[in-house]
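Student: Sharing run-v9.json (JSON, C-alpha atoms) below.
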```json
[["chain", "number", "residue", "atom", "x", "y", "z"],
["A", 1, "MET", "CA", 111.14, 152.03, 334.75],
["A", 2, "ASP", "CA", 109.59, 150.07, 337.62],
["A", 3, "VAL", "CA", 106.26, 148.54, 336.53],
["A", 4, "SER", "CA", 105.81, 146.25, 339.54],
["A", 5, "PHE", "CA", 102.95, 148.44, 340.80],
["A", 6, "LEU", "CA", 100.85, 147.22, 337.86],
["A", 7, "GLY", "CA", 100.51, 143.82, 339.54],
["A", 8, "GLY", "CA", 100.94, 141.72, 336.42],
["A", 9, "PRO", "CA", 98.47, 140.75, 333.70],
["A", 10, "GLY", "CA", 94.81, 140.25, 334.51],
["A", 11, "PRO", "CA", 93.22, 136.82, 334.82],
["A", 12, "GLN", "CA", 92.55, 134.95, 331.58],
["A", 13, "ARG", "CA", 89.93, 132.34, 330.81],
["A", 14, "GLY", "CA", 91.21, 129.55, 328.59],
["A", 15, "VAL", "CA", 89.86, 127.82, 325.49],
["A", 16, "GLY", "CA", 91.79, 124.74, 324.41],
["A", 17, "VAL", "CA", 91.94, 124.15, 320.66],
["A", 18, "VAL", "CA", 92.92, 120.88, 319.01],
["A", 19, "ALA", "CA", 93.80, 121.50, 315.36],
["A", 20, "PRO", "CA", 95.00, 119.23, 312.55],
["A", 21, "PHE", "CA", 98.76, 119.10, 312.00],
["A", 22, "ASP", "CA", 98.47, 121.28, 308.85],
["A", 23, "PHE", "CA", 96.39, 124.05, 310.43],
["A", 24, "ALA", "CA", 97.90, 127.43, 309.50],
["A", 25, "LEU", "CA", 95.33, 130.04, 310.55],
["A", 26, "ASP", "CA", 96.06, 130.47, 314.27],
["A", 27, "ARG", "CA", 95.92, 134.24, 313.86],
["A", 28, "GLU", "CA", 92.45, 134.11, 312.32],
["A", 29, "LEU", "CA", 91.07, 132.20, 315.32],
["A", 30, "TRP", "CA", 92.42, 134.87, 317.67],
["A", 31, "ARG", "CA", 90.53, 137.61, 315.82],
["A", 32, "TRP", "CA", 87.22, 136.29, 317.17],
["A", 33, "VAL", "CA", 88.48, 136.12, 320.76],
["A", 34, "PRO", "CA", 87.90, 138.93, 323.33],
["A", 35, "ASP", "CA", 90.81, 140.21, 325.39],
["A", 36, "GLU", "CA", 89.87, 138.34, 328.56],
["A", 37, "VAL", "CA", 90.10, 134.93, 326.86],
["A", 38, "SER", "CA", 93.25, 133.09, 325.82],
["A", 39, "LEU", "CA", 93.54, 130.31, 323.24],
["A", 40, "HIS", "CA", 95.74, 127.30, 323.96],
["A", 41, "LEU", "CA", 96.44, 125.43, 320.71],
["A", 42, "THR", "CA", 97.80, 121.97, 320.13],
["A", 43, "ARG", "CA", 97.97, 119.86, 316.98],
["A", 44, "THR", "CA", 97.40, 116.25, 315.97],
["A", 45, "PRO", "CA", 100.47, 114.25, 314.90],
["A", 46, "TYR", "CA", 101.67, 114.58, 311.32],
["A", 47, "VAL", "CA", 100.59, 111.93, 308.82],
["A", 48, "PRO", "CA", 101.81, 111.91, 305.17],
["A", 49, "VAL", "CA", 98.32, 112.06, 303.63],
["A", 50, "GLU", "CA", 96.73, 114.84, 301.57],
["A", 51, "VAL", "CA", 93.35, 116.34, 302.44],
["A", 52, "SER", "CA", 90.83, 113.56, 301.82],
["A", 53, "LEU", "CA", 88.28, 111.38, 303.59],
["A", 54, "ASP", "CA", 91.14, 109.10, 304.66],
["A", 55, "LEU", "CA", 92.95, 111.99, 306.32],
["A", 56, "ALA", "CA", 89.74, 113.18, 307.96],
["A", 57, "ARG", "CA", 89.29, 109.75, 309.55],
["A", 58, "MET", "CA", 92.92, 109.54, 310.71],
["A", 59, "ILE", "CA", 92.97, 112.90, 312.48],
["A", 60, "SER", "CA", 89.63, 112.29, 314.21],
["A", 61, "GLU", "CA", 90.43, 108.97, 315.88],
["A", 62, "HIS", "CA", 89.45, 109.04, 319.53],
["A", 63, "GLU", "CA", 92.91, 108.05, 320.76],
["A", 64, "THR", "CA", 94.49, 110.88, 318.74],
["A", 65, "LEU", "CA", 92.01, 113.41, 320.10],
["A", 66, "GLY", "CA", 92.38, 112.16, 323.65],
["A", 67, "ASP", "CA", 96.17, 112.50, 323.51],
["A", 68, "ALA", "CA", 95.86, 116.02, 322.12],
["A", 69, "VAL", "CA", 93.39, 117.12, 324.79],
["A", 70, "ARG", "CA", 95.60, 115.73, 327.55],
["A", 71, "THR", "CA", 98.45, 117.98, 326.39],
["A", 72, "LEU", "CA", 96.22, 120.93, 327.30],
["A", 73, "THR", "CA", 95.12, 119.86, 330.78],
["A", 74, "GLU", "CA", 98.03, 121.52, 332.58],
["A", 75, "VAL", "CA", 96.88, 124.97, 331.44],
["A", 76, "THR", "CA", 93.31, 124.15, 332.59],
["A", 77, "PRO", "CA", 91.11, 125.35, 329.73],
["A", 78, "GLU", "CA", 87.41, 125.68, 330.54],
["A", 79, "VAL", "CA", 86.35, 124.19, 327.21],
["A", 80, "VAL", "CA", 88.09, 122.31, 324.40],
["A", 81, "ALA", "CA", 87.28, 122.73, 320.70],
["A", 82, "TYR", "CA", 88.32, 120.45, 317.85],
["A", 83, "ALA", "CA", 88.95, 122.91, 315.02],
["A", 84, "CYS", "CA", 88.50, 120.73, 311.97],
["A", 85, "THR", "CA", 85.41, 120.56, 309.80],
["A", 86, "SER", "CA", 86.04, 117.43, 307.72],
["A", 87, "GLY", "CA", 87.49, 115.54, 310.67],
["A", 88, "SER", "CA", 84.32, 116.17, 312.64],
["A", 89, "PHE", "CA", 81.70, 115.46, 309.95],
["A", 90, "VAL", "CA", 83.31, 112.40, 308.37],
["A", 91, "GLY", "CA", 81.71, 110.09, 310.95],
["A", 92, "GLY", "CA", 78.26, 111.64, 310.66],
["A", 93, "ILE", "CA", 76.20, 113.14, 313.47],
["A", 94, "MET", "CA", 76.66, 110.21, 315.83],
["A", 95, "GLY", "CA", 80.39, 110.17, 315.12],
["A", 96, "GLU", "CA", 80.65, 113.87, 315.95],
["A", 97, "ARG", "CA", 78.90, 113.34, 319.26],
["A", 98, "ALA", "CA", 81.21, 110.44, 320.10],
["A", 99, "MET", "CA", 84.23, 112.65, 319.41],
["A", 100, "CYS", "CA", 82.96, 115.26, 321.86],
["A", 101, "GLU", "CA", 82.45, 112.58, 324.51],
["A", 102, "ALA", "CA", 85.97, 111.21, 323.96],
["A", 103, "MET", "CA", 87.51, 114.67, 324.32],
["A", 104, "SER", "CA", 85.46, 115.44, 327.43],
["A", 105, "ARG", "CA", 86.62, 112.21, 329.07],
["A", 106, "ALA", "CA", 90.25, 112.99, 328.28],
["A", 107, "GLY", "CA", 90.18, 116.54, 329.60],
["A", 108, "ALA", "CA", 87.29, 116.53, 332.08],
["A", 109, "VAL", "CA", 85.94, 119.69, 330.42],
["A", 110, "PRO", "CA", 83.11, 120.41, 327.94],
["A", 111, "ALA", "CA", 84.14, 119.71, 324.34],
["A", 112, "LEU", "CA", 82.84, 120.66, 320.92],
["A", 113, "THR", "CA", 83.79, 120.32, 317.27],
["A", 114, "THR", "CA", 83.56, 122.58, 314.25],
["A", 115, "SER", "CA", 80.82, 120.50, 312.61],
["A", 116, "GLY", "CA", 78.80, 120.35, 315.81],
["A", 117, "ALA", "CA", 79.19, 124.13, 316.12],
["A", 118, "LEU", "CA", 77.96, 124.47, 312.53],
["A", 119, "LEU", "CA", 74.67, 122.75, 313.42],
["A", 120, "GLU", "CA", 74.34, 124.97, 316.52],
["A", 121, "ALA", "CA", 74.82, 128.06, 314.37],
["A", 122, "LEU", "CA", 72.21, 126.91, 311.84],
["A", 123, "VAL", "CA", 69.71, 126.51, 314.68],
["A", 124, "GLU", "CA", 70.67, 129.90, 316.14],
["A", 125, "LEU", "CA", 70.01, 131.58, 312.78],
["A", 126, "ASP", "CA", 66.90, 129.48, 312.06],
["A", 127, "VAL", "CA", 68.41, 128.19, 308.81],
["A", 128, "ARG", "CA", 66.44, 125.54, 306.91],
["A", 129, "ARG", "CA", 68.27, 125.83, 303.58],
["A", 130, "VAL", "CA", 72.00, 126.38, 303.25],
["A", 131, "ALA", "CA", 74.51, 126.87, 300.43],
["A", 132, "LEU", "CA", 78.00, 125.43, 300.88],
["A", 133, "VAL", "CA", 81.47, 126.49, 299.78],
["A", 134, "THR", "CA", 84.30, 124.02, 300.30],
["A", 135, "PRO", "CA", 87.96, 123.85, 299.28],
["A", 136, "TYR", "CA", 87.67, 120.03, 299.22],
["A", 137, "THR", "CA", 87.52, 117.40, 296.53],
["A", 138, "VAL", "CA", 84.09, 116.19, 295.45],
["A", 139, "SER", "CA", 84.10, 113.14, 297.77],
["A", 140, "VAL", "CA", 84.81, 115.19, 300.90],
["A", 141, "THR", "CA", 82.26, 117.78, 299.79],
["A", 142, "ARG", "CA", 79.61, 115.08, 299.36],
["A", 143, "SER", "CA", 80.30, 113.92, 302.91],
["A", 144, "LEU", "CA", 79.62, 117.43, 304.22],
["A", 145, "GLU", "CA", 76.40, 117.64, 302.20],
["A", 146, "ASN", "CA", 75.24, 114.34, 303.72],
["A", 147, "TYR", "CA", 76.10, 115.50, 307.23],
["A", 148, "VAL", "CA", 74.06, 118.69, 306.86],
["A", 149, "ALA", "CA", 71.17, 116.84, 305.21],
["A", 150, "ARG", "CA", 71.04, 114.31, 308.07],
["A", 151, "ALA", "CA", 70.56, 117.26, 310.42],
["A", 152, "GLY", "CA", 67.41, 118.18, 308.49],
["A", 153, "VAL", "CA", 68.87, 121.12, 306.54],
["A", 154, "THR", "CA", 68.43, 121.32, 302.77],
["A", 155, "VAL", "CA", 71.54, 122.05, 300.70],
["A", 156, "THR", "CA", 70.49, 124.41, 297.90],
["A", 157, "GLY", "CA", 73.83, 124.57, 296.14],
["A", 158, "CYS", "CA", 77.50, 123.79, 296.67],
["A", 159, "ALA", "CA", 80.70, 125.07, 295.07],
["A", 160, "TYR", "CA", 83.98, 123.25, 295.68],
["A", 161, "MET", "CA", 87.62, 123.91, 294.81],
["A", 162, "GLY", "CA", 89.14, 120.42, 294.63],
["A", 163, "LEU", "CA", 92.19, 121.15, 296.78],
["A", 164, "THR", "CA", 94.19, 118.49, 298.59],
["A", 165, "ARG", "CA", 96.77, 120.68, 300.32],
["A", 166, "ARG", "CA", 97.80, 124.26, 301.20],
["A", 167, "ILE", "CA", 94.21, 125.38, 301.61],
["A", 168, "TRP", "CA", 95.31, 128.34, 303.75],
["A", 169, "GLN", "CA", 96.76, 129.93, 300.60],
["A", 170, "VAL", "CA", 93.32, 130.40, 299.00],
["A", 171, "THR", "CA", 92.66, 134.12, 298.48],
["A", 172, "TYR", "CA", 89.63, 136.12, 299.54],
["A", 173, "ARG", "CA", 88.85, 136.73, 295.87],
["A", 174, "GLU", "CA", 88.59, 133.00, 295.28],
["A", 175, "VAL", "CA", 86.35, 132.59, 298.32],
["A", 176, "VAL", "CA", 84.05, 135.38, 297.10],
["A", 177, "ASP", "CA", 83.83, 133.87, 293.62],
["A", 178, "MET", "CA", 82.90, 130.44, 294.97],
["A", 179, "ALA", "CA", 80.38, 131.98, 297.39],
["A", 180, "ARG", "CA", 78.58, 133.74, 294.55],
["A", 181, "ARG", "CA", 78.36, 130.50, 292.62],
["A", 182, "ALA", "CA", 77.08, 128.50, 295.58],
["A", 183, "ALA", "CA", 74.47, 131.08, 296.56],
["A", 184, "VAL", "CA", 72.80, 131.17, 293.14],
["A", 185, "ARG", "CA", 69.17, 130.12, 293.42],
["A", 186, "GLY", "CA", 68.95, 126.39, 292.66],
["A", 187, "ARG", "CA", 66.14, 123.93, 292.09],
["A", 188, "LEU", "CA", 65.73, 123.66, 295.88],
["A", 189, "GLY", "CA", 65.19, 127.38, 296.30],
["A", 190, "THR", "CA", 67.20, 130.22, 297.75],
["A", 191, "ALA", "CA", 69.53, 129.58, 300.66],
["A", 192, "ASP", "CA", 68.82, 131.05, 304.10],
["A", 193, "ALA", "CA", 72.56, 131.15, 304.80],
["A", 194, "LEU", "CA", 75.95, 130.33, 303.29],
["A", 195, "PHE", "CA", 78.57, 128.17, 305.01],
["A", 196, "LEU", "CA", 82.28, 128.48, 304.17],
["A", 197, "SER", "CA", 83.75, 125.15, 305.19],
["A", 198, "CYS", "CA", 87.26, 124.18, 306.41],
["A", 199, "THR", "CA", 89.17, 125.77, 309.29],
["A", 200, "ASN", "CA", 92.14, 126.26, 306.96],
["A", 201, "LEU", "CA", 90.11, 128.50, 304.63],
["A", 202, "PRO", "CA", 90.65, 132.25, 305.32],
["A", 203, "THR", "CA", 87.28, 133.93, 305.94],
["A", 204, "TYR", "CA", 87.26, 136.59, 308.70],
["A", 205, "ASP", "CA", 87.44, 139.74, 306.58],
["A", 206, "VAL", "CA", 85.23, 138.49, 303.77],
["A", 207, "ILE", "CA", 82.18, 137.57, 305.89],
["A", 208, "PRO", "CA", 80.67, 141.08, 306.32],
["A", 209, "GLN", "CA", 81.17, 141.96, 302.66],
["A", 210, "LEU", "CA", 79.54, 138.74, 301.46],
["A", 211, "GLU", "CA", 76.61, 139.24, 303.82],
["A", 212, "ALA", "CA", 76.09, 142.73, 302.44],
["A", 213, "GLU", "CA", 76.09, 141.46, 298.86],
["A", 214, "LEU", "CA", 74.17, 138.20, 299.25],
["A", 215, "ARG", "CA", 71.75, 139.53, 301.91],
["A", 216, "ILE", "CA", 71.93, 136.29, 303.92],
["A", 217, "PRO", "CA", 74.03, 135.27, 306.94],
["A", 218, "VAL", "CA", 77.46, 133.96, 305.99],
["A", 219, "ILE", "CA", 79.12, 131.65, 308.51],
["A", 220, "SER", "CA", 82.51, 129.98, 308.39],
["A", 221, "ALA", "CA", 84.25, 127.06, 310.04],
["A", 222, "ASN", "CA", 86.56, 129.09, 312.28],
["A", 223, "GLN", "CA", 83.80, 131.55, 313.11],
["A", 224, "VAL", "CA", 81.31, 128.93, 314.33],
["A", 225, "THR", "CA", 84.04, 127.13, 316.26],
["A", 226, "MET", "CA", 85.03, 130.22, 318.22],
["A", 227, "TRP", "CA", 81.40, 131.37, 318.61],
["A", 228, "ALA", "CA", 80.38, 128.03, 320.12],
["A", 229, "ALA", "CA", 83.45, 127.75, 322.36],
["A", 230, "LEU", "CA", 83.07, 131.26, 323.77],
["A", 231, "ARG", "CA", 79.36, 130.67, 324.20],
["A", 232, "ARG", "CA", 80.23, 127.79, 326.55],
["A", 233, "LEU", "CA", 82.17, 130.32, 328.63],
["A", 234, "GLY", "CA", 79.20, 132.67, 328.77],
["A", 235, "THR", "CA", 80.96, 135.29, 326.69],
["A", 236, "ARG", "CA", 80.72, 136.49, 323.10],
["A", 237, "ALA", "CA", 82.98, 136.27, 320.08],
["A", 238, "VAL", "CA", 84.24, 139.46, 318.45],
["A", 239, "GLY", "CA", 82.99, 139.93, 314.88],
["A", 240, "PRO", "CA", 81.58, 143.30, 313.81],
["A", 241, "TYR", "CA", 78.97, 143.10, 311.03],
["A", 242, "GLN", "CA", 78.85, 139.28, 311.18],
["A", 243, "ALA", "CA", 75.27, 138.09, 311.54],
["A", 244, "LEU", "CA", 76.04, 135.11, 313.78],
["A", 245, "ILE", "CA", 77.86, 137.28, 316.29],
["A", 246, "ASP", "CA", 76.41, 140.77, 315.83],
["A", 247, "ALA", "CA", 72.61, 140.78, 316.11],
["A", 248, "SER", "CA", 72.44, 144.19, 314.42],
["A", 249, "ALA", "CA", 73.88, 142.61, 311.28],
["A", 250, "ARG", "CA", 70.95, 140.19, 310.91],
["A", 251, "SER", "CA", 68.65, 142.76, 309.32],
["A", 252, "GLY", "CA", 70.21, 142.27, 305.89],
["A", 253, "THR", "CA", 71.22, 145.92, 305.55],
["A", 254, "VAL", "CA", 74.27, 146.95, 303.60],
["A", 255, "LEU", "CA", 77.36, 147.97, 305.55],
["A", 256, "PRO", "CA", 77.77, 151.71, 306.21],
["A", 257, "GLY", "CA", 79.36, 153.40, 303.22],
["A", 258, "GLN", "CA", 78.71, 150.44, 300.91],
["A", 259, "THR", "CA", 76.25, 149.63, 298.19],
["A", 260, "SER", "CA", 75.08, 146.22, 297.11],
["A", 261, "GLY", "CA", 76.81, 144.60, 294.18],
["A", 262, "SER", "CA", 80.34, 143.48, 293.53],
["A", 263, "VAL", "CA", 82.46, 142.96, 296.64],
["A", 264, "LEU", "CA", 85.83, 142.39, 295.02],
["A", 265, "PRO", "CA", 87.02, 142.69, 291.44],
["A", 266, "GLU", "CA", 86.82, 139.55, 289.37],
["A", 267, "VAL", "CA", 90.24, 138.04, 288.75],
["A", 268, "PRO", "CA", 91.28, 134.75, 287.18],
["A", 269, "ARG", "CA", 91.63, 131.98, 289.76],
["A", 270, "ALA", "CA", 95.02, 130.38, 290.06],
["A", 271, "SER", "CA", 94.86, 126.77, 288.88],
["A", 272, "GLU", "CA", 98.02, 125.64, 290.65],
["A", 273, "GLU", "CA", 97.45, 123.01, 293.36],
["A", 274, "LYS", "CA", 93.89, 122.29, 292.12],
["A", 275, "GLN", "CA", 92.61, 118.93, 290.94],
["A", 276, "GLN", "CA", 89.09, 120.01, 290.10],
["A", 277, "GLU", "CA", 86.55, 122.73, 290.68],
["A", 278, "GLY", "CA", 82.85, 122.56, 290.38],
["A", 279, "TRP", "CA", 79.32, 123.34, 291.42],
["A", 280, "THR", "CA", 76.51, 121.02, 292.47]]
```
Starting from the coordinates I provided, produce the structure as structure tokens.

Tutor:
Amino acid sequence: MDVSFLGGPGPQRGVGVVAPFDFALDRELWRWVPDEVSLHLTRTPYVPVEVSLDLARMISEHETLGDAVRTLTEVTPEVVAYACTSGSFVGGIMGERAMCEAMSRAGAVPALTTSGALLEALVELDVRRVALVTPYTVSVTRSLENYVARAGVTVTGCAYMGLTRRIWQVTYREVVDMARRAAVRGRLGTADALFLSCTNLPTYDVIPQLEAELRIPVISANQVTMWAALRRLGTRAVGPYQALIDASARSGTVLPGQTSGSVLPEVPRASEEKQQEGWT
């Protein structure tokens, strides 16, 4: 069959994505992207270090980021995003800004990071108090808490998993369990929103269900990264019933056909690969 009359694929706008070497959720990023936009992913070089503050510093060095961005210049993305939460908050707010400037210089395009996108999303949703869920160890989690606090946002509660590798294997049931723990009213009041940290933590399908149960916006690392990148292009991310993306979901109503209460059945959490787990 001759298909030459179709004229080939339509024009695509490009978003460059720099991810850590162990990033495994490429497919999840694509789920937020409309058809007219293409993602161009590259990764930082491998280093034999587990997820930690040391690793976060290594994969966020300006030279490393610059080299990664330059690998994308030939495909001419309109914006570049660094898809790593810990790597972009480990240096604090000023460090995050410096990373964006280094990437912009390397690629001559606007640049953003996951942690910078998180602060944008908190402003967009008018969040003053936030609960946190992280797969990290306690030291990396504390660094995130400090980053958010320096931005003027109160952390009401935080649940962490204590993982140092293979974070992409965490199940939705585990994410839901940790979210419930983090969102419990603490001494600093009730959270205005919940943030699920780490771009290697699966979150797309669980966001609407958690928002329906907790009655607050739920945002995640990959979600805010794609939302902010596509915003730079003047277009919108795709995310039905996600408050950050779908304005109709900000009313706090339960999803059609659902009632408030349990989202997923409680199941024992697998302890393999975990050093610690806790709540602060």

Student: Excluding A:Leu112 and any residue of its chain fewer than 3 positions from it, enumerate the residues within 9 Å of it, using only C-alpha atoms, and give them as a count of residues only.

Tutor: 18

Student: Rank A:Leu25, A:Ala243, A:Val51, A:Val127 by their smallest atom-to-atom distance to A:Ala212, using only C-alpha atoms, and report the top residue only.

Tutor: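 Comparing A:Leu25, A:Ala243, A:Val51, A:Val127 against A:Ala212, the winner is A:Ala243.
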
Student: Enter the distance from atom CA of A:Tyr147 to atom CA of A:Ala121, in Å, rounded to one decimal.

Tutor: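 Separation between atom CA of A:Tyr147 and atom CA of A:Ala121: 14.5 Å.
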
Student: Could you tell me how far atom CA of A:Arg142 sits from atom CA of A:Ala193, in Å to one decimal place?

Tutor: 18.4 Å

Student: Between atom CA of A:Gly234 and atom CA of A:Leu119, measure the distance and give it in Å to one decimal.

Tutor: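 Going from atom CA of A:Gly234 over to atom CA of A:Leu119 covers 18.8 Å.
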
Student: Could you work out an axis-aligned bounding box for all listed atoms of stretch 40-57 of chain A, with 8 Å added on each of the six sides, and give its centre and edge lengths in Å to one decimal, as AutoDock Vina command-line options?

Tutor:
```
--center_x 95.0 --center_y 118.2 --center_z 312.8 --size_x 29.5 --size_y 34.2 --size_z 38.4
```

Student: Residues near stretch 165-170 of chain A, anyone? I mean within 9 Å using only C-alpha atoms, not counting same-chain ones fewer than 3 positions away, as a PyMOL selection string.

Tutor: chain A and resi 22-25+50-51+135-136+173-175+198-202+273-274

Student: Name the residues in contact with stretch 41-48 of chain A at a cut-off of 10 Å, using only C-alpha atoms, excluding same-chain residues fewer than 4 positions from it; report them as a list in words.

Tutor: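 Contacts, with the query itself left out: Val15, Gly16, Val17, Val18, Ala19, Pro20, Phe21, Asp22, Phe23, Asp26, Leu55, Met58, Ile59, Ser60, Thr64, Leu65, Asp67, Ala68, Val69, Arg70, Thr71, Leu72, Val80, Ala81, Tyr82 and Ala83 of chain A.
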
Student: Which one is closest to A:His40: A:Pro77, A:Gly66, A:Gly10, A:Pro240? Count only C-alpha atoms.

Tutor: A:Pro77

Student: Taking only C-alpha atoms into account, name the residue in A:Arg180, A:Arg27, A:Arg215, A:Arg231 that is nearest to A:Ile245.

Tutor: A:Arg231

Student: Go through A:Asn222, A:Thr137, A:Gln209, A:Ser143 one by one, measure the shortest atom-to-atom distance of each to A:Ser86 using only C-alpha atoms, and give the residue with the smallest value.

Tutor: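 Distance minimum relative to A:Ser86 lands on A:Ser143.
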
Student: Which one is closest to A:Asn146: A:Val123, A:Leu230, A:Val75, A:Val90? Count all atoms listed in the file.

Tutor: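 Between A:Val123, A:Leu230, A:Val75, A:Val90, the residue approaching A:Asn146 most closely is A:Val90.
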
Student: Contacts of A:Gly239 at 12 Å or less, counting only C-alpha atoms, minus same-chain residues fewer than 2 places along, as a short mmCIF file (atom, residue, chain, number, x, y, z; two decimals) with C-alpha atoms, in the frame of the given file?

Tutor:
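Dumped to out_31.cif:
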```cif
data_model
loop_
_atom_site.label_atom_id
_atom_site.label_comp_id
_atom_site.auth_asym_id
_atom_site.auth_seq_id
_atom_site.Cartn_x
_atom_site.Cartn_y
_atom_site.Cartn_z
CA GLU A 28 92.45 134.11 312.32
CA LEU A 29 91.07 132.20 315.32
CA TRP A 30 92.42 134.87 317.67
CA ARG A 31 90.53 137.61 315.82
CA TRP A 32 87.22 136.29 317.17
CA VAL A 33 88.48 136.12 320.76
CA PRO A 34 87.90 138.93 323.33
CA THR A 203 87.28 133.93 305.94
CA TYR A 204 87.26 136.59 308.70
CA ASP A 205 87.44 139.74 306.58
CA VAL A 206 85.23 138.49 303.77
CA ILE A 207 82.18 137.57 305.89
CA PRO A 208 80.67 141.08 306.32
CA ILE A 219 79.12 131.65 308.51
CA SER A 220 82.51 129.98 308.39
CA ASN A 222 86.56 129.09 312.28
CA GLN A 223 83.80 131.55 313.11
CA VAL A 224 81.31 128.93 314.33
CA MET A 226 85.03 130.22 318.22
CA TRP A 227 81.40 131.37 318.61
CA ARG A 236 80.72 136.49 323.10
CA ALA A 237 82.98 136.27 320.08
CA TYR A 241 78.97 143.10 311.03
CA GLN A 242 78.85 139.28 311.18
CA ALA A 243 75.27 138.09 311.54
CA LEU A 244 76.04 135.11 313.78
CA ILE A 245 77.86 137.28 316.29
CA ASP A 246 76.41 140.77 315.83
CA ALA A 247 72.61 140.78 316.11
CA SER A 248 72.44 144.19 314.42
CA ALA A 249 73.88 142.61 311.28
#
```

Student: Quick one: residues within 10 Å of A:Thr134, only C-alpha atoms counted, chain neighbours fewer than 5 positions away excluded, as a PyMOL selection string?

Tutor: chain A and resi 140-141+144+158-163+175+178-179+182+195-198+201+277

Student: Which residue is closest to A:Val109? Choose from A:Ser139, A:Thr73, A:Thr190, A:Ser88 and count all atoms listed in the file.

Tutor: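 Closest candidate: A:Thr73.
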
Student: Stretch 94-146 of chain A near stretch 183-187 of chain A within 10 Å: what's each residue's closest atom pair and its distance in Å to one decimal, counting only C-alpha atoms, ordered by chain then ascending residue number, as a Markdown table?

Tutor:
```
| residue | atom | partner | partner_atom | distance |
| --- | --- | --- | --- | --- |
| A:Val130 | CA | A:Ala183 | CA | 8.5 |
| A:Ala131 | CA | A:Ala183 | CA | 5.7 |
| A:Leu132 | CA | A:Ala183 | CA | 7.9 |
| A:Val133 | CA | A:Ala183 | CA | 9.0 |
```
